[in-house]
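Peer 1: This is my_file12.txt, which holds compact mmCIF, C-alpha atoms:
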# COMPACT_ATOMS: atom_id res chain seq x y z
CA MET A 1 -23.19 15.14 21.40
CA LYS A 2 -22.71 12.85 18.40
CA ILE A 3 -19.64 10.79 17.81
CA ASN A 4 -18.72 9.13 14.52
CA LEU A 5 -16.73 5.95 14.05
CA ILE A 6 -15.19 5.50 10.61
CA ARG A 7 -13.50 2.42 9.19
CA THR A 8 -11.23 2.75 6.17
CA GLY A 9 -8.92 0.53 4.15
CA GLY A 10 -9.12 -3.17 3.38
CA PHE A 11 -8.66 -5.52 0.44
CA ILE A 12 -10.85 -3.19 -1.54
CA PRO A 13 -10.92 0.36 -0.24
CA VAL A 14 -14.33 0.78 1.34
CA THR A 15 -15.27 3.44 3.89
CA LYS A 16 -17.79 2.56 6.60
CA LYS A 17 -19.33 4.93 9.07
CA ALA A 18 -21.58 4.87 12.15
CA GLU A 19 -22.91 7.64 14.36
CA GLN A 20 -24.11 7.55 17.92
CA GLU A 21 -25.40 10.02 20.49
CA VAL A 22 -23.31 10.03 23.66
CA ASP A 23 -23.60 11.95 26.91
CA TRP A 24 -19.91 12.65 27.28
CA SER A 25 -18.55 16.06 28.20
CA GLU A 26 -16.18 17.99 25.94
CA GLU A 27 -13.32 17.34 28.36
CA GLU A 28 -14.14 13.65 28.52
CA VAL A 29 -14.07 13.30 24.74
CA GLN A 30 -10.80 15.17 24.49
CA SER A 31 -9.31 12.98 27.18
CA LEU A 32 -10.57 9.84 25.42
CA ILE A 33 -9.12 10.97 22.10
CA ASP A 34 -5.77 11.66 23.71
CA ALA A 35 -5.80 8.17 25.20
CA ILE A 36 -6.70 6.21 22.05
CA LYS A 37 -5.40 8.21 19.10
CA THR A 38 -2.51 6.77 17.16
CA GLY A 39 -0.20 7.87 14.38
CA GLU A 40 -1.02 7.23 10.74
CA GLY A 41 0.91 4.52 8.93
CA THR A 42 0.62 0.83 8.22
CA GLY A 43 3.98 -0.54 9.34
CA GLN A 44 4.32 -3.86 7.55
CA ALA A 45 0.57 -4.55 7.61
CA ARG A 46 -1.09 -4.81 4.20
CA ASP A 47 -4.79 -4.59 3.32
CA LYS A 48 -5.57 -3.90 6.96
CA THR A 49 -8.52 -1.77 8.00
CA GLY A 50 -8.16 1.17 10.37
CA TYR A 51 -10.57 2.90 12.74
CA HIS A 52 -10.97 6.63 13.22
CA ILE A 53 -13.28 8.89 15.14
CA SER A 54 -14.42 12.23 13.87
CA TYR A 55 -15.24 14.93 16.34
CA ASN A 56 -15.60 18.69 15.89
CA ALA A 57 -14.79 18.30 12.19
CA GLU A 58 -11.47 16.67 13.07
CA PHE A 59 -10.45 13.14 12.17
CA PHE A 60 -8.40 10.99 14.56
CA PRO A 61 -6.96 7.55 13.75
CA ILE A 62 -7.42 5.36 16.83
CA GLU A 63 -6.05 2.15 18.23
CA TRP A 64 -8.92 -0.15 19.14
CA GLU A 65 -6.94 -2.01 21.80
CA LYS A 66 -6.40 1.24 23.71
CA ILE A 67 -10.12 1.96 24.22
CA PRO A 68 -10.78 2.05 27.98
CA VAL A 69 -13.20 -0.53 29.39
CA LYS A 70 -15.66 2.24 30.27
CA TYR A 71 -16.15 3.05 26.58
CA ILE A 72 -15.77 -0.33 24.93
CA THR A 73 -19.51 -1.11 24.83
CA THR A 74 -20.23 2.15 23.01
CA PHE A 75 -17.47 1.48 20.50
CA GLU A 76 -18.61 -2.13 19.98
CA GLU A 77 -22.14 -0.85 19.32
CA LEU A 78 -20.77 1.67 16.86
CA LYS A 79 -18.76 -1.07 15.14
CA ASP A 80 -21.88 -3.20 14.76
CA LYS A 81 -23.68 -0.27 13.14
CA LEU A 82 -20.96 0.52 10.60
CA ALA A 83 -22.48 0.95 7.15
CA ILE A 84 -20.78 1.44 3.79
CA VAL A 85 -20.50 5.05 2.67
CA LYS A 86 -21.77 4.97 -0.90
CA LYS A 87 -19.77 6.98 -3.40
CA MET B 1 18.86 -18.42 13.20
CA CYS B 2 15.38 -17.16 12.61
CA GLN B 3 14.28 -18.82 15.81
CA ASN B 4 11.52 -16.31 16.24
CA HIS B 5 9.42 -16.21 13.10
CA PHE B 6 7.28 -13.47 14.69
CA SER B 7 10.14 -11.03 14.15
CA PRO B 8 10.79 -10.78 10.43
CA VAL B 9 13.63 -8.31 10.89
CA ARG B 10 15.68 -10.95 12.68
CA CYS B 11 15.56 -13.17 9.64
CA ILE B 12 17.39 -10.78 7.30
CA ILE B 13 20.90 -12.15 7.44
CA PRO B 14 23.74 -10.31 5.70
CA PRO B 15 25.88 -12.54 3.42
CA TYR B 16 29.00 -12.16 5.59
CA ILE B 17 27.16 -13.52 8.62
CA ASN B 18 25.63 -16.32 6.58
CA ASN B 19 29.12 -17.26 5.31
CA ARG B 20 30.36 -17.53 8.89
CA LEU B 21 27.34 -19.64 9.85
CA ALA B 22 28.00 -21.92 6.87
CA ALA B 23 31.42 -22.67 8.37
CA SER B 24 29.96 -23.35 11.80
CA PRO B 25 31.06 -26.54 13.54
CA ASP B 26 27.41 -27.05 14.46
CA LYS B 27 26.15 -29.26 11.65
CA ASN B 28 22.54 -28.04 11.90
CA ILE B 29 23.48 -24.36 11.73
CA ALA B 30 25.88 -24.98 8.84
CA GLU B 31 23.24 -26.92 6.92
CA ILE B 32 20.67 -24.15 7.21
CA ALA B 33 23.20 -21.48 6.23
CA ILE B 34 24.42 -23.44 3.21
CA ASN B 35 20.84 -23.98 2.07
CA THR B 36 20.17 -20.26 2.45
CA LYS B 37 23.28 -19.40 0.46
CA PHE B 38 22.30 -21.89 -2.24
CA ARG B 39 18.81 -20.44 -2.62
CA SER B 40 20.13 -16.87 -2.66
CA TYR B 41 22.49 -17.60 -5.52
CA ARG B 42 20.24 -19.94 -7.40
CA PHE B 43 18.02 -17.42 -9.07
CA ARG B 44 20.90 -15.18 -10.10
CA SER B 45 22.76 -18.22 -11.45
CA ASP B 46 19.72 -19.25 -13.46
CA ARG B 47 19.57 -15.83 -15.04
CA THR B 48 23.28 -15.91 -15.93
CA PHE B 49 22.84 -19.35 -17.43
CA PHE B 50 19.86 -18.30 -19.53
CA LYS B 51 21.69 -15.20 -20.69
CA ASN B 52 24.43 -17.38 -22.20
CA ALA B 53 22.24 -20.28 -23.32
CA ASN B 54 21.70 -20.95 -27.03
CA ASP B 55 18.25 -21.00 -28.64
CA ILE B 56 17.86 -24.77 -28.43
CA GLU B 57 18.69 -24.80 -24.72
CA LYS B 58 16.32 -21.91 -24.07
CA GLY B 59 13.59 -23.56 -26.14
CA ILE B 60 13.78 -26.71 -24.07
CA LEU B 61 14.23 -25.14 -20.65
CA CYS B 62 11.82 -22.23 -21.00
CA ALA B 63 8.93 -24.31 -22.28
CA LEU B 64 8.44 -26.03 -18.94
CA PRO B 65 8.24 -24.75 -15.40
CA ARG B 66 11.60 -25.32 -13.75
CA ARG B 67 11.05 -27.49 -10.75
CA ALA B 68 13.36 -27.51 -7.80
CA LYS B 69 14.44 -30.92 -6.60
CA LYS B 70 12.40 -31.54 -3.51
CA THR B 71 14.29 -32.91 -0.56
CA GLU B 72 12.91 -34.90 2.32
CA THR B 73 13.44 -32.03 4.74
CA GLU B 74 11.64 -29.26 2.89
CA SER B 75 7.86 -29.08 2.95
CA ALA B 76 5.27 -26.51 3.96
CA LYS B 77 4.88 -25.83 7.66
CA LEU B 78 1.33 -24.70 8.28
CA GLU B 79 -0.62 -23.65 11.35
CA VAL B 80 -4.24 -22.54 11.54
CA TYR B 81 -5.62 -20.61 14.50
CA ASP B 82 -9.27 -19.93 15.36
CA CYS B 83 -9.97 -16.40 16.63
CA LYS B 84 -13.52 -17.45 17.57
CA THR B 85 -14.89 -14.10 16.30
CA ALA B 86 -12.68 -12.10 18.68
CA THR B 87 -9.94 -9.69 17.60
CA SER B 88 -7.20 -10.95 19.87
CA LEU B 89 -4.60 -13.03 18.06
CA THR B 90 -2.89 -13.82 21.34
CA ASN B 91 -6.00 -15.63 22.57
CA ALA B 92 -6.64 -17.46 19.29
CA VAL B 93 -6.67 -21.25 19.59
CA LEU B 94 -4.42 -23.51 17.52
CA LEU B 95 -6.92 -25.44 15.42
CA TRP B 96 -4.59 -27.45 13.19
CA GLU B 97 -0.96 -27.94 12.25
CA ASN B 98 0.49 -30.25 9.67
CA ASP B 99 2.02 -32.80 11.99
CA GLY B 100 -0.04 -35.62 10.55
CA THR B 101 -3.29 -34.48 12.15
CA ALA B 102 -6.40 -35.14 10.04
CA LEU B 103 -7.98 -32.11 8.37
CA PRO B 104 -10.46 -30.29 10.63
CA ALA B 105 -14.17 -30.14 9.87
CA ASP B 106 -14.10 -26.32 9.69
CA VAL B 107 -14.55 -25.28 6.03
CA ASP B 108 -12.55 -22.06 6.43
CA ALA B 109 -9.69 -23.98 8.01
CA VAL B 110 -9.65 -26.43 5.12
CA ASN B 111 -9.70 -23.53 2.64
CA VAL B 112 -6.65 -21.85 4.16
CA ILE B 113 -4.81 -25.16 4.60
CA ASN B 114 -5.27 -26.09 0.94
CA ALA B 115 -4.48 -22.60 -0.32
CA GLY B 116 -1.50 -22.22 2.01
CA ASP B 117 -0.11 -25.53 0.80
CA ALA B 118 -0.73 -24.61 -2.86
CA THR B 119 1.02 -21.28 -2.31
CA TRP B 120 4.05 -22.90 -0.67
CA LYS B 121 4.27 -25.43 -3.52
CA PHE B 122 3.91 -22.68 -6.13
CA TYR B 123 6.90 -20.76 -4.80
CA TYR B 124 8.98 -23.83 -4.00
CA GLU B 125 8.38 -25.93 -7.09
CA LEU B 126 8.63 -23.06 -9.58
CA PHE B 127 11.20 -20.78 -8.01
CA GLY B 128 12.93 -22.86 -5.33
CA ARG B 129 11.61 -20.51 -2.65
CA ASN B 130 11.07 -22.12 0.75
CA SER B 131 8.09 -20.26 2.23
CA ILE B 132 7.50 -16.56 2.78
CA ASP B 133 10.99 -15.73 4.04
CA ASN B 134 12.77 -18.37 1.93
CA LEU B 135 13.96 -19.88 5.20
CA GLY B 136 11.08 -22.25 5.78
CA MET B 137 8.97 -19.89 7.89
CA THR B 138 5.82 -21.46 9.35
CA ILE B 139 2.77 -20.14 7.51
CA GLN B 140 0.37 -19.05 10.24
CA GLN B 141 -3.22 -18.30 9.28
CA TYR B 142 -5.90 -16.94 11.60
CA ILE B 143 -9.55 -17.53 10.73
CA HIS B 144 -12.90 -16.30 12.14
CA TYR B 145 -11.39 -12.94 13.05
CA ASP B 146 -13.85 -10.50 14.62
CA ARG B 147 -17.62 -10.55 14.14
CA LYS B 148 -18.73 -10.39 10.49
CA TYR B 149 -15.35 -8.93 9.56
CA ASP B 150 -15.34 -8.30 5.82
CA ASN B 151 -11.65 -8.31 5.07
CA ALA B 152 -8.41 -10.29 5.00
CA PHE B 153 -4.99 -8.88 5.74
CA TRP B 154 -1.29 -9.58 6.28
CA ASP B 155 -0.13 -8.09 9.57
CA GLY B 156 3.60 -8.29 8.91
CA ARG B 157 4.02 -11.88 10.10
CA ARG B 158 0.77 -13.82 9.51
CA MET B 159 -2.52 -13.87 7.61
CA ILE B 160 -5.86 -12.99 9.15
CA TYR B 161 -9.26 -13.70 7.61
CA GLY B 162 -12.77 -12.54 8.48
CA ASP B 163 -15.99 -14.44 7.90
CA GLY B 164 -17.60 -11.60 5.91
CA ASP B 165 -20.91 -9.98 6.72
CA GLY B 166 -22.84 -12.68 4.83
CA GLU B 167 -24.73 -10.03 2.86
CA ILE B 168 -22.18 -8.28 0.67
CA PHE B 169 -19.11 -10.33 1.42
CA GLY B 170 -18.75 -14.05 2.07
CA SER B 171 -15.87 -15.61 3.98
CA PHE B 172 -12.51 -14.20 2.90
CA THR B 173 -11.13 -17.75 2.82
CA GLY B 174 -13.46 -18.46 -0.12
CA ASP B 175 -10.98 -17.60 -2.88
CA ILE B 176 -7.52 -19.13 -3.24
CA ASP B 177 -6.34 -16.00 -5.05
CA ILE B 178 -7.04 -13.89 -1.97
CA ILE B 179 -5.11 -16.27 0.25
CA GLY B 180 -2.24 -16.30 -2.27
CA HIS B 181 -2.45 -12.50 -2.39
CA GLU B 182 -2.01 -12.13 1.37
CA LEU B 183 0.85 -14.64 1.53
CA THR B 184 2.59 -12.83 -1.31
CA HIS B 185 2.56 -9.62 0.75
CA GLY B 186 4.88 -11.57 3.02
CA VAL B 187 7.13 -12.57 0.13
CA THR B 188 7.30 -8.93 -1.01
CA GLN B 189 8.14 -7.85 2.54
CA TYR B 190 11.15 -10.18 2.56
CA GLU B 191 12.25 -9.22 -0.95
CA ALA B 192 11.79 -5.76 -2.54
CA ASN B 193 9.84 -4.57 0.53
CA LEU B 194 8.08 -2.01 -1.64
CA GLU B 195 6.82 1.03 0.28
CA TYR B 196 3.07 1.05 0.80
CA HIS B 197 2.14 4.28 -0.88
CA GLY B 198 2.03 5.75 -4.36
CA GLN B 199 3.37 3.74 -7.29
CA ALA B 200 5.55 1.48 -5.11
CA GLY B 201 2.48 0.64 -3.01
CA ALA B 202 0.42 -0.06 -6.11
CA MET B 203 3.14 -2.45 -7.31
CA ASN B 204 3.16 -4.08 -3.87
CA GLU B 205 -0.58 -4.72 -4.32
CA SER B 206 -0.09 -5.77 -7.93
CA PHE B 207 2.57 -8.41 -7.14
CA SER B 208 0.08 -9.88 -4.65
CA ASP B 209 -2.72 -9.90 -7.22
CA ILE B 210 -0.45 -11.38 -9.89
CA PHE B 211 0.91 -14.24 -7.81
CA GLY B 212 -2.46 -14.77 -6.13
CA VAL B 213 -4.13 -15.28 -9.50
CA LEU B 214 -1.25 -17.45 -10.79
CA ILE B 215 -1.54 -19.72 -7.74
CA LYS B 216 -5.24 -20.13 -8.57
CA GLN B 217 -4.55 -20.78 -12.26
CA ARG B 218 -1.91 -23.39 -11.42
CA VAL B 219 -4.26 -25.24 -9.06
CA LEU B 220 -7.00 -25.17 -11.70
CA ASN B 221 -4.52 -25.96 -14.52
CA GLN B 222 -5.73 -22.95 -16.51
CA ASP B 223 -3.70 -21.30 -19.25
CA ALA B 224 -3.46 -17.56 -19.80
CA LYS B 225 -6.05 -17.48 -22.57
CA THR B 226 -8.76 -19.50 -20.82
CA ALA B 227 -8.38 -18.18 -17.25
CA ASP B 228 -10.86 -15.54 -16.06
CA TRP B 229 -8.21 -13.36 -14.35
CA LEU B 230 -10.74 -12.45 -11.65
CA ILE B 231 -9.83 -11.97 -8.00
CA GLY B 232 -12.29 -12.62 -5.21
CA GLU B 233 -15.19 -13.87 -7.29
CA ASN B 234 -16.58 -15.92 -4.39
CA VAL B 235 -15.87 -13.39 -1.67
CA LEU B 236 -17.93 -10.62 -3.23
CA LEU B 237 -21.37 -12.21 -3.21
CA GLY B 238 -23.41 -12.19 -6.41
CA GLU B 239 -22.58 -14.15 -9.55
CA GLN B 240 -21.77 -11.08 -11.64
CA TYR B 241 -19.26 -9.67 -9.19
CA ALA B 242 -15.58 -10.08 -8.32
CA LEU B 243 -13.34 -7.85 -6.24
CA ARG B 244 -11.00 -7.12 -9.14
CA SER B 245 -10.38 -8.04 -12.76
CA MET B 246 -6.81 -8.14 -14.06
CA LYS B 247 -8.04 -8.68 -17.60
CA ALA B 248 -10.24 -5.58 -17.53
CA PRO B 249 -9.46 -3.46 -14.46
CA GLY B 250 -12.47 -1.40 -13.45
CA THR B 251 -14.99 -4.13 -14.29
CA GLY B 252 -14.74 -6.38 -11.22
CA TYR B 253 -18.10 -5.01 -10.11
CA LYS B 254 -20.44 -2.57 -11.77
CA ASN B 255 -23.52 -0.87 -10.31
CA HIS B 256 -23.22 -2.83 -7.10
CA PRO B 257 -26.04 -1.64 -4.83
CA GLN B 258 -23.67 -1.07 -1.90
CA ILE B 259 -20.15 -0.55 -3.22
CA GLY B 260 -20.93 0.95 -6.61
CA ASP B 261 -18.33 0.57 -9.35
CA ASP B 262 -14.86 -0.95 -9.36
CA PRO B 263 -12.59 2.15 -9.37
CA GLN B 264 -9.44 0.57 -10.84
CA PRO B 265 -7.84 2.17 -13.90
CA ALA B 266 -6.22 -0.06 -16.55
CA THR B 267 -3.94 2.55 -18.06
CA MET B 268 -1.50 5.19 -16.88
CA ASP B 269 -3.47 8.08 -18.36
CA GLU B 270 -6.25 7.17 -15.90
CA TYR B 271 -3.88 7.05 -12.89
CA VAL B 272 -5.78 7.98 -9.74
CA ASP B 273 -4.15 10.69 -7.63
CA LEU B 274 -5.27 10.30 -4.02
CA PRO B 275 -3.84 11.64 -0.75
CA ASP B 276 -1.13 9.59 0.95
CA THR B 277 -3.37 8.88 3.94
CA ASP B 278 -5.41 5.99 5.27
CA GLN B 279 -8.56 7.54 3.78
CA GLY B 280 -6.75 8.11 0.49
CA ASP B 281 -5.73 4.43 0.31
CA TRP B 282 -2.11 5.58 0.68
CA GLY B 283 -2.17 7.29 -2.68
CA GLY B 284 -4.52 4.75 -4.25
CA VAL B 285 -2.50 1.55 -3.85
CA HIS B 286 -5.59 -0.61 -4.44
CA TYR B 287 -6.66 1.58 -7.35
CA ASN B 288 -3.52 2.00 -9.45
CA SER B 289 -2.47 -1.63 -9.06
CA GLY B 290 -4.94 -2.11 -11.94
CA ILE B 291 -2.37 -0.53 -14.29
CA THR B 292 0.47 -2.96 -13.54
CA ASN B 293 -2.01 -5.85 -13.29
CA PHE B 294 -3.15 -5.05 -16.82
CA ALA B 295 0.46 -4.86 -18.09
CA PHE B 296 1.06 -8.34 -16.65
CA TYR B 297 -2.18 -9.75 -18.08
CA VAL B 298 -1.43 -8.52 -21.62
CA THR B 299 2.13 -9.84 -21.35
CA ALA B 300 0.97 -13.28 -20.18
CA TYR B 301 -1.86 -13.46 -22.74
CA ASN B 302 0.48 -12.64 -25.62
CA MET B 303 3.03 -15.20 -24.44
CA GLY B 304 0.32 -17.88 -24.24
CA GLY B 305 0.59 -21.13 -22.30
CA PHE B 306 0.58 -21.17 -18.54
CA ALA B 307 1.11 -17.64 -17.24
CA TRP B 308 3.37 -18.74 -14.38
CA GLU B 309 5.90 -20.29 -16.77
CA LYS B 310 7.27 -17.22 -18.52
CA ALA B 311 5.50 -14.03 -17.42
CA GLY B 312 5.38 -15.26 -13.81
CA GLN B 313 9.08 -16.15 -13.93
CA ILE B 314 9.96 -12.67 -15.22
CA TRP B 315 7.88 -10.91 -12.55
CA TYR B 316 9.25 -13.14 -9.77
CA SER B 317 12.77 -12.36 -10.95
CA ALA B 318 11.91 -8.66 -10.79
CA LEU B 319 10.43 -8.94 -7.28
CA THR B 320 13.57 -10.67 -6.02
CA ASP B 321 16.03 -8.53 -7.99
CA LYS B 322 18.18 -6.41 -5.71
CA SER B 323 17.89 -3.46 -8.08
CA LEU B 324 14.15 -3.07 -7.42
CA GLN B 325 14.14 -0.25 -4.89
CA GLN B 326 11.57 0.19 -2.12
CA ASN B 327 10.36 3.40 -3.75
CA ALA B 328 10.38 2.04 -7.31
CA THR B 329 8.05 3.44 -9.97
CA PHE B 330 6.03 1.70 -12.67
CA ASN B 331 8.70 2.79 -15.13
CA ASP B 332 11.41 1.11 -13.03
CA LEU B 333 9.45 -2.16 -13.07
CA LYS B 334 8.87 -1.84 -16.80
CA ASN B 335 12.61 -1.44 -17.48
CA LEU B 336 13.51 -4.25 -15.09
CA THR B 337 11.04 -6.75 -16.57
CA LEU B 338 12.27 -5.90 -20.07
CA ASP B 339 15.88 -6.47 -18.99
CA ILE B 340 15.01 -9.76 -17.31
CA ALA B 341 12.97 -10.98 -20.29
CA GLY B 342 15.96 -10.16 -22.51
CA GLU B 343 18.33 -12.07 -20.23
CA LEU B 344 16.06 -15.09 -19.94
CA PHE B 345 14.73 -15.35 -23.48
CA GLY B 346 16.98 -13.21 -25.70
CA GLU B 347 16.90 -9.52 -26.51
CA ASN B 348 14.99 -10.00 -29.76
CA SER B 349 12.68 -12.70 -28.45
CA LEU B 350 8.92 -12.82 -28.69
CA GLU B 351 8.89 -12.77 -24.88
CA VAL B 352 10.56 -9.34 -24.78
CA LYS B 353 8.04 -8.14 -27.37
CA ALA B 354 5.19 -9.48 -25.19
CA VAL B 355 6.52 -7.60 -22.12
CA GLU B 356 6.90 -4.44 -24.18
CA ASP B 357 3.37 -4.80 -25.55
CA GLY B 358 2.06 -5.35 -22.03
CA TRP B 359 3.51 -2.10 -20.72
CA ASN B 360 2.43 -0.25 -23.87
CA ALA B 361 -1.13 -1.51 -23.42
CA ALA B 362 -1.08 -0.10 -19.89
CA LYS B 363 0.37 3.13 -21.37
CA VAL B 364 3.36 3.11 -19.05
CA LYS B 365 5.94 5.10 -21.01
Go through the file and emit its structure as structure tokens.
Peer 2:
Amino acid sequence: MKINLIRTGGFIPVTKKAEQEVDWSEEEVQSLIDAIKTGEGTGQARDKTGYHISYNAEFFPIEWEKIPVKYITTFEELKDKLAIVKK
Amino acid sequence: MCQNHFSPVRCIIPPYINNRLAASPDKNIAEIAINTKFRSYRFRSDRTFFKNANDIEKGILCALPRRAKKTETESAKLEVYDCKTATSLTNAVLLWENDGTALPADVDAVNVINAGDATWKFYYELFGRNSIDNLGMTIQQYIHYDRKYDNAFWDGRRMIYGDGDGEIFGSFTGDIDIIGHELTHGVTQYEANLEYHGQAGAMNESFSDIFGVLIKQRVLNQDAKTADWLIGENVLLGEQYALRSMKAPGTGYKNHPQIGDDPQPATMDEYVDLPDTDQGDWGGVHYNSGITNFAFYVTAYNMGGFAWEKAGQIWYSALTDKSLQQNATFNDLKNLTLDIAGELFGENSLEVKAVEDGWNAAKVK
């Protein structure tokens, strides 16, 4: 299956996206999403960027620090591949 | 008080508590509380004075920036941390603090030290404000955040800067206006604390752009008519590009091969309605700030001289005015700046006319 990492926000609002093939099961992905998803909102942060994953046409804001060690390499690779989505 | 500058909430002290602290037998606590009380009242007192001043007094006092008397004890407290391209702030290494240590060799560190100092001086020398929280908070700046991170942000208690990807964006320490912008988010947090969505969010962004650009203009000794009013002209690589233009919102970058066109509107009839989500830039806070930026630019241009002297004073008064609500609208800010200009310079003054013309140019009715 394919998983998408999306970065939004920033000093100028730019959206970046990367896609990668992974051999994770449906249950595994769902469990991962449950573990790393976070609520929307900025708190007192300003101009900060946020990460999201899209899966099955759904869009989940995630907390990078919560990504389990097992998946961090995949997410780091995705982060390195992020490219600007041209409007 | 305010022992822990990582917890901004702890630094908001109600007047009745401050009054008790001012009467404390502990000389150090009393001194801090009295200074806090003095600074809190100072701006309101200034406005009352100017309201009752005659034309000659106003002519003399308003022509020059009002400088606070600097004491031996008040100066910027700065710290710079190196994230070493990681994202952990906890593991960042203290690179420099202003305890007499020589400046580091790191260019980004020197950039944020100079800009941090210029920002502290701007707020202190012009408005008597002692740092972000007006209580002498240490200005902590984190550089080399993440790998090729193309952004800078305020996280609620400190500034964080990326090195840029080196292709589209250079280091985010490369423009003093960006550093001033991020530090001003802190000032706004401790003052009006404008909500970060919709019109209030756009004004939050706009106050940061305005004071960021004024800090740059003051360092460069540029007046309103000769300044370029660009933000982030070094950060966005390519000579023809800048991240934003306050003089002509929507022209910061055009036909950029990667990021296209600057989407900022200059006028209210072009207001961008976006969803109040992360993807929707919280209702377009970085888009619609162009409208209030343009109102400020026209005001400052029409007033002439150094923009921080009159227009900047009016906008700072508005930001610190207790009547500016967290969910304020552009119209609220328009009315407030008109009232303040009238109090400071006279109801029929050219300054009030300049503010009115500024908002009219931005088509904020």
Peer 1: Write out as a list in words the residues lying within 12 Å of Phe60 (chain A), counting all atoms listed in the file and excluding same-chain residues fewer than 3 positions away.
Peer 2: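 Near Phe60 (chain A), the qualifying residues are Ile3, Asn4, Leu5, Ile6, Arg7, Val29, Gln30, Leu32, Ile33, Asp34, Ala35, Ile36, Lys37, Thr38, Gly39, Glu40, Gly50, Tyr51, His52, Ile53, Ser54, Tyr55, Asn56, Ala57 and Glu63 of chain A; Thr277, Asp278 and Gln279 of chain B.
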Peer 1: Work out how far apart CA of Asp47 (chain A) and CA of Ile176 (chain B) are and give it in Å to one decimal.
Peer 2: 16.2 Å
Peer 1: Counting all atoms listed in the file, which residue out of B:Leu220, B:Ile139, B:Val80, B:Leu243 sits closest to chain A?
Peer 2: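 Among the listed residues, B:Leu243 lies closest to chain A.
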Peer 1: Would you mind listing, as a list of chain:residue names, all residues of chain A that have at least one atom within 7 Å of chain B, where only C-alpha atoms are what counts?
Peer 2: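 Every residue meeting the condition is included here: A:Thr8, A:Gly9, A:Gly10, A:Phe11, A:Ile12, A:Pro13, A:Gln44, A:Ala45, A:Arg46, A:Asp47, A:Lys48, A:Ile84, A:Lys86, A:Lys87.
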Peer 1: Around (5.8, -23.9, 5.2), as given in the file, which residues come within 12 Å? Count all atoms listed in the file and list them as a PyMOL selection string.
Peer 2: chain B and resi 5+73-80+97-99+113+115-124+129-141+183
Peer 1: Using only C-alpha atoms, which of the listed residues (A:Ser31, A:Thr15, A:Thr42, A:Thr49) sits closest to Ile67 (chain A)?
Peer 2: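 The shortest atom-to-atom distance to Ile67 (chain A) comes from A:Ser31.
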Peer 1: Mind giving me the straight-line distance from CA of Glu270 (chain B) to CA of Val235 (chain B) in Å, one decimal?
Peer 2: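 Atom-to-atom, CA of Glu270 (chain B) to CA of Val235 (chain B), that is 26.8 Å.
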Peer 1: Kindly give the distance, in Å, that separates CA of Asn331 (chain B) and CA of Thr251 (chain B), rounded to a single decimal.
Peer 2: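 Value for the CA of Asn331 (chain B)-CA of Thr251 (chain B) distance: 24.7 Å.
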